[in-house]
Amino acid sequence: MSRIGESELIINNRGAVYHLNLRPEELANTIITVGDPSRVSEVSKYFDRIEGKFEHREFITHTGFIGNKRISVVSTGIGPDNIDIVLNELDALANIDFETRTIKSNQTRLTIVRMGTSGSLQASIPVDSFVASTHGLGIDNLLNFYKLMNNEEELQIAQAFNVHTQIGQNGLQPYIASASTYILKEFVTGFHQGITVTCPGFYGPQGRILRLPLQFPDLINQLTNFRFGNHIISNFEMETSAIYGLGKLLNHHCLSLSAIVANRVQQTFSKDGGKAVENLIQKSLEILAKI
């Protein structure tokens with residue numbers, strides 16, 4: 001089996017993968033990702049005990065236990081480019097032998113759950129509610145650098161989205177990937193479900209106008225009005241499609257959970273977004289600890 005070069009997989013002096021600063025034994029098989037580094041401790045405070053804390057740049061990891069369930073919580077920072085780093089390094093920790101720099105013959109399938117904030121694109125999904133994303137639809141281009149294979153439904157949704165928005169005429173190539181049904185089925189009660197659109201920025205890419213004119217001034221309405229069978233676009237944010245796409249390629253179970261802090265249709269914002277996130281963390285940990 002081919003050896004992976006030092007420049008391709010960077011391992012530091014303590015035997016840890018470069019960006020995350022983790023050794024393989026320091027990572028659990030169930031992983032929660034959060035964008036905000038300060039949110040790591042907001043998750044791990046619910047652990048019964050913390051086994052280890054690790055840090056490098058914006059990437060902070062706490063590994064510990066809820067009962068007998070070993071869990072790691074990892075901060076990713078914002079955006080699909082950071083997700084490219086985090087998902088690839090999480091997989092490397094699980095599935096590459098750091099001594100021989102070769103891919104292990106027996107692969108480990110991780111469970112990776114994003115817990116973050118998001119903006120609703122439906123009036124019926126109010127602030128302070130929760131969304132479990134059935135699909136991640138990316139307008140960020142990250143997965144166009146990988147050979148992503150889609151099933152027939154995914155291809156049809158992506159094609160219908162392209163026709164509806166005409167976004168492809170301006171050089172963008174939307175892509176789509178699905179959540180793991182293994183995890184998604186556990187997050188039904190108390191969760192809205194829908195397609196989550198992932199954007200490569202917060203302002204123009206999400207239709208916000210400050211001082212700059214927009215290439216897609218009607219983007220919000222187009223996303224809100226999109227329909228494909230029973231599927232609607234529930235919300236948008238900046239990581240889900242990258243997690244779902246890379247997770248699918250690497251054969252991991254992935255799910256994105258969002259606390260809705262803004263409703264772009266009603267133009268409302270949560271009066272206590274921190275409390276909404278805390279409620280999401282508590283509810284989700286109770287479920288994850290039992291899977």
# chains A, B, ... in the order shown; residues from 1 in each chain; ligands from 1

call {"tool": "residues_around", "arguments": {"residues": "A:Thr224", "least_positions_apart": "5", "cutoff": "10 Å", "atoms": "only C-alpha atoms", "output": "JSON list (two decimals) with N, CA and C atoms, in the first residue's frame"}}
result
[["chain", "number", "residue", "atom", "x", "y", "z"],
["A", 120, "SER", "N", -33.14, 30.71, 9.46],
["A", 120, "SER", "CA", -34.28, 30.03, 8.85],
["A", 120, "SER", "C", -34.68, 30.73, 7.55],
["A", 121, "LEU", "N", -35.13, 29.93, 6.59],
["A", 121, "LEU", "CA", -35.62, 30.45, 5.32],
["A", 121, "LEU", "C", -37.11, 30.18, 5.12],
["A", 122, "GLN", "N", -37.76, 29.76, 6.19],
["A", 122, "GLN", "CA", -39.21, 29.50, 6.15],
["A", 122, "GLN", "C", -39.87, 30.21, 7.34],
["A", 123, "ALA", "N", -40.98, 30.88, 7.07],
["A", 123, "ALA", "CA", -41.71, 31.56, 8.14],
["A", 123, "ALA", "C", -42.16, 30.58, 9.20],
["A", 219, "LEU", "N", -31.88, 36.08, -3.97],
["A", 219, "LEU", "CA", -31.50, 34.76, -3.49],
["A", 219, "LEU", "C", -32.41, 34.26, -2.37],
["A", 232, "ILE", "N", -38.12, 21.00, 1.11],
["A", 232, "ILE", "CA", -37.99, 22.44, 1.09],
["A", 232, "ILE", "C", -36.59, 22.81, 1.60],
["A", 233, "ILE", "N", -36.19, 24.04, 1.35],
["A", 233, "ILE", "CA", -34.94, 24.55, 1.93],
["A", 233, "ILE", "C", -35.32, 25.20, 3.26],
["A", 234, "SER", "N", -34.86, 24.61, 4.33],
["A", 234, "SER", "CA", -35.26, 25.05, 5.67],
["A", 234, "SER", "C", -34.40, 26.20, 6.19],
["A", 235, "ASN", "N", -33.11, 26.20, 5.86],
["A", 235, "ASN", "CA", -32.19, 27.15, 6.48],
["A", 235, "ASN", "C", -30.89, 27.22, 5.70],
["A", 264, "ARG", "N", -34.90, 34.81, 8.24],
["A", 264, "ARG", "CA", -34.65, 35.77, 7.17],
["A", 264, "ARG", "C", -35.92, 36.18, 6.46],
["A", 265, "VAL", "N", -36.98, 35.37, 6.54],
["A", 265, "VAL", "CA", -38.24, 35.72, 5.91],
["A", 265, "VAL", "C", -38.96, 36.77, 6.75]]

call {"tool": "select_by_dssp", "arguments": {"residues": "stretch 135-241 of chain A", "states": "strand (DSSP E)", "output": "list in words"}}
result
His135, Gly136, Leu137, Gly138, Tyr175, Ile176, Ala177, Ser178, His192, Gln193, Gly194, Ile195, Thr196, Val197, Thr198, Arg227, Phe228, His231, Ile232, Ile233, Ser234, Asn235, Phe236 and Glu237 of chain A

call {"tool": "write_last_selection", "arguments": {"atoms": "N, CA and C atoms", "output": "tab-separated table (two decimals), in the first residue's frame"}}
result
chain	number	residue	atom	x	y	z
A	135	HIS	N	-30.40	17.20	4.00
A	135	HIS	CA	-29.38	17.33	2.95
A	135	HIS	C	-28.58	18.60	3.19
A	136	GLY	N	-27.36	18.59	2.69
A	136	GLY	CA	-26.57	19.81	2.60
A	136	GLY	C	-26.39	20.14	1.13
A	137	LEU	N	-26.84	21.33	0.73
A	137	LEU	CA	-26.73	21.76	-0.67
A	137	LEU	C	-25.72	22.90	-0.70
A	138	GLY	N	-24.59	22.66	-1.32
A	138	GLY	CA	-23.48	23.60	-1.27
A	138	GLY	C	-23.41	24.53	-2.45
A	175	TYR	N	-23.63	21.59	-5.33
A	175	TYR	CA	-23.53	20.16	-5.09
A	175	TYR	C	-24.40	19.80	-3.90
A	176	ILE	N	-24.67	18.52	-3.73
A	176	ILE	CA	-25.57	18.09	-2.68
A	176	ILE	C	-25.11	16.76	-2.10
A	177	ALA	N	-25.35	16.59	-0.82
A	177	ALA	CA	-25.09	15.31	-0.14
A	177	ALA	C	-26.12	15.16	0.97
A	178	SER	N	-26.40	13.92	1.34
A	178	SER	CA	-27.45	13.62	2.31
A	178	SER	C	-26.90	13.35	3.69
A	192	HIS	N	-37.35	20.49	13.29
A	192	HIS	CA	-37.76	20.64	11.90
A	192	HIS	C	-36.73	19.92	11.04
A	193	GLN	N	-37.14	19.48	9.86
A	193	GLN	CA	-36.20	18.86	8.94
A	193	GLN	C	-36.33	19.51	7.57
A	194	GLY	N	-35.21	19.59	6.86
A	194	GLY	CA	-35.23	20.18	5.53
A	194	GLY	C	-33.84	20.24	4.95
A	195	ILE	N	-33.76	20.77	3.74
A	195	ILE	CA	-32.47	20.95	3.05
A	195	ILE	C	-31.79	22.20	3.61
A	196	THR	N	-30.53	22.07	3.94
A	196	THR	CA	-29.74	23.21	4.40
A	196	THR	C	-28.79	23.63	3.29
A	197	VAL	N	-28.85	24.90	2.92
A	197	VAL	CA	-27.93	25.45	1.92
A	197	VAL	C	-26.70	25.98	2.65
A	198	THR	N	-25.53	25.63	2.15
A	198	THR	CA	-24.27	26.08	2.73
A	198	THR	C	-23.64	27.14	1.83
A	227	ARG	N	-39.08	24.11	-4.09
A	227	ARG	CA	-39.77	22.88	-3.70
A	227	ARG	C	-39.32	21.74	-4.62
A	228	PHE	N	-39.10	20.58	-4.03
A	228	PHE	CA	-38.87	19.37	-4.82
A	228	PHE	C	-39.58	18.24	-4.10
A	231	HIS	N	-39.57	18.09	-0.30
A	231	HIS	CA	-38.39	18.77	0.19
A	231	HIS	C	-38.51	20.29	0.06
A	232	ILE	N	-38.12	21.00	1.11
A	232	ILE	CA	-37.99	22.44	1.09
A	232	ILE	C	-36.59	22.81	1.60
A	233	ILE	N	-36.19	24.04	1.35
A	233	ILE	CA	-34.94	24.55	1.93
A	233	ILE	C	-35.32	25.20	3.26
A	234	SER	N	-34.86	24.61	4.33
A	234	SER	CA	-35.26	25.05	5.67
A	234	SER	C	-34.40	26.20	6.19
A	235	ASN	N	-33.11	26.20	5.86
A	235	ASN	CA	-32.19	27.15	6.48
A	235	ASN	C	-30.89	27.22	5.70
A	236	PHE	N	-30.05	28.18	6.03
A	236	PHE	CA	-28.70	28.16	5.48
A	236	PHE	C	-27.68	28.61	6.50
A	237	GLU	N	-26.44	28.16	6.27
A	237	GLU	CA	-25.31	28.41	7.15
A	237	GLU	C	-24.02	28.20	6.35

call {"tool": "closest_residue", "arguments": {"among": "A:Leu143, A:Ala92, A:Leu184, A:Ala16", "to": "A:His56", "atoms": "only C-alpha atoms"}}
result
A:Ala16

call {"tool": "residues_around", "arguments": {"residues": "stretch 239-251 of chain A", "least_positions_apart": "3", "cutoff": "9 Å", "atoms": "only C-alpha atoms", "output": "number ranges by chain"}}
result
A: 35, 78-84, 87-88, 91, 108-110, 112, 114, 133, 135-140, 142-143, 146-149, 175-180, 196-200, 236, 254-257

call {"tool": "select_by_dssp", "arguments": {"residues": "stretch 104-242 of chain A", "states": "helix (DSSP H, G or I)", "output": "number ranges by chain"}}
result
A: 142-145, 152-165, 167-170, 181-184, 204-206, 219-225, 240-242

call {"tool": "write_last_selection", "arguments": {"atoms": "C-alpha atoms", "output": "CSV table (one decimal), in the first residue's frame"}}
result
chain,number,residue,atom,x,y,z
A,142,LEU,CA,-15.5,22.8,-2.0
A,143,LEU,CA,-16.8,19.4,-3.1
A,144,ASN,CA,-16.2,20.3,-6.7
A,145,PHE,CA,-12.5,19.5,-5.9
A,152,GLU,CA,-30.7,9.7,-8.3
A,153,GLU,CA,-32.7,11.7,-5.8
A,154,GLU,CA,-29.8,13.9,-5.0
A,155,LEU,CA,-29.1,14.5,-8.7
A,156,GLN,CA,-32.7,15.5,-9.2
A,157,ILE,CA,-32.7,17.9,-6.3
A,158,ALA,CA,-29.5,19.6,-7.5
A,159,GLN,CA,-30.8,19.9,-11.0
A,160,ALA,CA,-34.2,21.3,-9.9
A,161,PHE,CA,-32.3,23.8,-7.7
A,162,ASN,CA,-30.1,24.9,-10.6
A,163,VAL,CA,-33.1,25.4,-12.8
A,164,HIS,CA,-35.0,27.3,-10.1
A,165,THR,CA,-32.2,29.7,-9.2
A,167,ILE,CA,-27.2,30.1,-10.2
A,168,GLY,CA,-25.1,27.9,-12.4
A,169,GLN,CA,-25.2,30.5,-15.2
A,170,ASN,CA,-22.9,32.7,-13.1
A,181,THR,CA,-30.2,8.2,8.1
A,182,TYR,CA,-28.7,6.2,10.9
A,183,ILE,CA,-28.4,9.3,13.0
A,184,LEU,CA,-31.1,11.5,11.4
A,204,GLY,CA,-23.3,38.7,0.0
A,205,PRO,CA,-23.4,34.8,-0.2
A,206,GLN,CA,-26.4,34.9,2.2
A,219,LEU,CA,-31.5,34.8,-3.5
A,220,ILE,CA,-33.5,34.7,-0.2
A,221,ASN,CA,-36.9,34.5,-2.1
A,222,GLN,CA,-35.6,31.9,-4.5
A,223,LEU,CA,-34.4,29.6,-1.7
A,224,THR,CA,-37.6,30.1,0.4
A,225,ASN,CA,-39.8,29.2,-2.6
A,240,THR,CA,-23.3,21.5,6.5
A,241,SER,CA,-22.8,20.6,2.8
A,242,ALA,CA,-19.0,20.3,3.3

call {"tool": "closest_residue", "arguments": {"among": "A:Leu93, A:Met115, A:Val34, A:Ile50", "to": "A:Thr76", "atoms": "only C-alpha atoms"}}
result
A:Val34

call {"tool": "closest_residue", "arguments": {"among": "A:Ser41, A:Thr61, A:Thr33, A:Thr117", "to": "A:His19", "atoms": "only C-alpha atoms"}}
result
A:Thr61

call {"tool": "residues_around", "arguments": {"residues": "A:Pro24", "least_positions_apart": "2", "cutoff": "12 Å", "atoms": "only C-alpha atoms", "output": "list in words"}}
result
Ile11, Arg14, Gly15, Ala16, Val17, Leu20, Asn21, Leu22, Glu26, Leu27, Ala28, Asn29, Thr63, Ser72, Glu89, Leu90, Asp91, Ala92, Leu93, Ala94, Asn95, Ile96, Asp97, Phe98, Glu99 and Thr108 of chain A

call {"tool": "closest_residue", "arguments": {"among": "A:Ile4, A:Val43, A:Leu9, A:Val127", "to": "A:Ser270", "atoms": "only C-alpha atoms"}}
result
A:Val127

call {"tool": "atom_distance", "arguments": {"atom1": "atom CA of A:Pro174", "atom2": "atom CA of A:Asn141"}}
result
6.9 Å
